[in-house]
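A.B. asks: Submitted below is the structure of interest, expressed as structure tokens.
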Amino acid sequence: MKSKVSKIGVLALAVLVSSACFAAGKTEDPKTAKKFIKEGIWRGVFKVSETEVPFNFELKGKDAEHATFTLLNGTRRDDFHVEYLGKDSLFIKMNTYDAALVAKIDNDGQISGEYRSLVPGLRGNALPFTAEQGKAYRFVEPGKDVAPAADLSGKWEFKGFSKEAVPNKIAILKQTGNKLTGVILQVTGDSRELEGTVQGNQFVLSGFSGPSPKIYKGTINEDGTLSGEISQGIYDNLKFTGTKDSKAELPDPYTLTALKAGVKKLAFTFPDLTGKPVSLTDEKYKGKVVIVELVGTWCPNCTDQTIFLSPWFNKNKTRGVEAIAIGFEQKDDLEYGKYTLGKLRDKYNIKYDILFGGLADKRLVADKLPALNKFVAYPTTIIIDRKGEVREIYTGYTGTVTGKYYAEYEKKFNKVLDELLAEPVPPASYFSAQTETKNP
């Protein structure tokens, strides 16, 4: 299925890419020679509605077979492979995200193209972009900075994204001169690292690491507050206001999702990537501590959580722990799920079970997992003890860029797992009694 989906996507996109050439220093016949872009640092610009969203990347390698395309965001680095589409066009798949940069090489050696969804039925969604080699800046050319009106370093409470009474987002910013970096946290997780600038009383941050690009921009008001808007992907702009507050916090992620009153266990049956139905009542999970992850390959916080969980599991799997990832994808099709979730498995060396849950719709997730009082966000981590009872539910994921928030998550995760793994394994009679209770 993998090659079928990939080839369909490539062939469909190839039609969209026009031919152009530039001198590549090769002695091949110019009519048949494959052209390639220059090595080095590049500056790209997406067009999101009426907003320009800049991003930076580095290209190493003199041909697609040996090239590495690296997106740059502050200290974060994300690597991708490059493929040819014809002799003068490129296809850069965003790893496990079902999207790609598709670009033609222009006559002047620069590139232009689109960031496109590869999801069947959603391929009309695209963002145009252009990119120039040799430009390392993101927003302002060297020597053209304007003295910043304030230092935005610190913690900010951002409101305006919804009607909830609680803070909608928390921004942790660091400013050095004009350079601004930071991360935005919300109940679903974090924005990954953002990079930008402060010019006079204007500020801006952008990020593009594979999922849809995003940009935060706004004004520093005379009273020290912020006002601005966020644009991301093909979605509408959202207004926000910001107030500096070192004590601002989001709701406790361990309290956002719970089991319904009187319920102690989670129950489900979903197919794995071979089509075999898998349930928590299967023999392999009896007497084990089980980590259940509700994820989606389209979800960057889910990817970051997988980057955390996969090596943890591979290190600890002999201790009596199992894990299950249930993927909810952008198309309710098992074959499509096998393709996207298979990509996730292979990319991050996942050794635990991966199941296909269906379409990525929060209401459907809640329907398919009726033991939950609600479903708030991807990812959601459910930790089950040796008796099969749910002990912890954590909503969202905060990555390493969030500093203390990641450290606190990692510390508690390990503490909870160590405690549950230290508990005795119930006797076989316990599980027999449970079966008899369910099937009188």
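Numbering starts fresh at 1 for the residues of each chain in the structure tokens, the chains themselves are lettered A, B, ... in the order given, and ligands are numbered from 1 as they appear.
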Can you pull out the residues contacting region 388-400 of chain A? Cut-off 7 Å, using only C-alpha atoms, and skip same-chain residues under 2 positions away; I want them as a ChimeraX atom specification.
C.D. replies: /A:187-190,253-254,256-258,264-266,301,304-305,377-386,402-403,405-406
A.B. asks: Taking the chain letters and numbering used in this document, name the residues of region 103-276 of chain A that DSSP puts in strand (DSSP E), as a PyMOL selection string.
C.D. replies: chain A and resi 103-105+111-117+126-133+154-159+169-176+179-186+189-190+194-199+202-207+214-220+226-232+238-244+269-271
A.B. asks: Find the residues near Gln232 (chain A): any atom within 12 Å, counting only C-alpha atoms, skip ones fewer than 2 places away on the same chain, and give them as number ranges by chain.
C.D. replies: A: 46-53, 127, 191, 205-208, 211-217, 229-230, 234-238
A.B. asks: Can you pull out the residues contacting Val263 (chain A)? Cut-off 9 Å, using only C-alpha atoms, and skip same-chain residues under 3 positions away; I want them as a PDB file with N, CA, C and O atoms, in the first residue's frame.
C.D. replies:
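Dumped everything to around.pdb:
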```
ATOM      1  N   LEU A 259     -12.271   8.983  33.278  1.00  0.00           N
ATOM      2  CA  LEU A 259     -13.290   7.973  33.016  1.00  0.00           C
ATOM      3  C   LEU A 259     -14.622   8.458  33.583  1.00  0.00           C
ATOM      4  O   LEU A 259     -14.666   9.254  34.526  1.00  0.00           O
ATOM      5  N   LYS A 260     -15.694   7.985  33.012  1.00  0.00           N
ATOM      6  CA  LYS A 260     -17.017   8.317  33.520  1.00  0.00           C
ATOM      7  C   LYS A 260     -17.186   7.757  34.936  1.00  0.00           C
ATOM      8  O   LYS A 260     -16.527   6.792  35.324  1.00  0.00           O
ATOM      9  N   LEU A 266     -10.919   0.697  30.593  1.00  0.00           N
ATOM     10  CA  LEU A 266     -11.095   1.130  29.205  1.00  0.00           C
ATOM     11  C   LEU A 266     -11.316  -0.116  28.355  1.00  0.00           C
ATOM     12  O   LEU A 266     -10.667  -1.140  28.566  1.00  0.00           O
ATOM     13  N   ALA A 371     -15.894   4.890  27.591  1.00  0.00           N
ATOM     14  CA  ALA A 371     -15.517   4.971  29.007  1.00  0.00           C
ATOM     15  C   ALA A 371     -15.013   6.363  29.374  1.00  0.00           C
ATOM     16  O   ALA A 371     -15.073   6.762  30.544  1.00  0.00           O
ATOM     17  N   LEU A 372     -14.531   7.121  28.378  1.00  0.00           N
ATOM     18  CA  LEU A 372     -14.015   8.463  28.641  1.00  0.00           C
ATOM     19  C   LEU A 372     -15.164   9.451  28.820  1.00  0.00           C
ATOM     20  O   LEU A 372     -16.157   9.395  28.089  1.00  0.00           O
TER      21      LEU A 372
END
```
A.B. asks: Quick one: residues within 6 Å of Arg43 (chain A), only C-alpha atoms, excluding same-chain residues fewer than 4 positions away - as a list of chain:residue names?
C.D. replies: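 After dropping sequence-adjacent residues, the list is A:Phe55, A:Asn56, A:Ala131, A:Glu132, A:Lys135.
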A.B. asks: Looking at A:Asp223, A:Glu293, A:Asp108, A:Glu65, which one is nearest to Ile354 (chain A), with distances taken over only C-alpha atoms?
C.D. replies: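 Among the listed residues, the smallest separation from Ile354 (chain A) belongs to A:Glu293.
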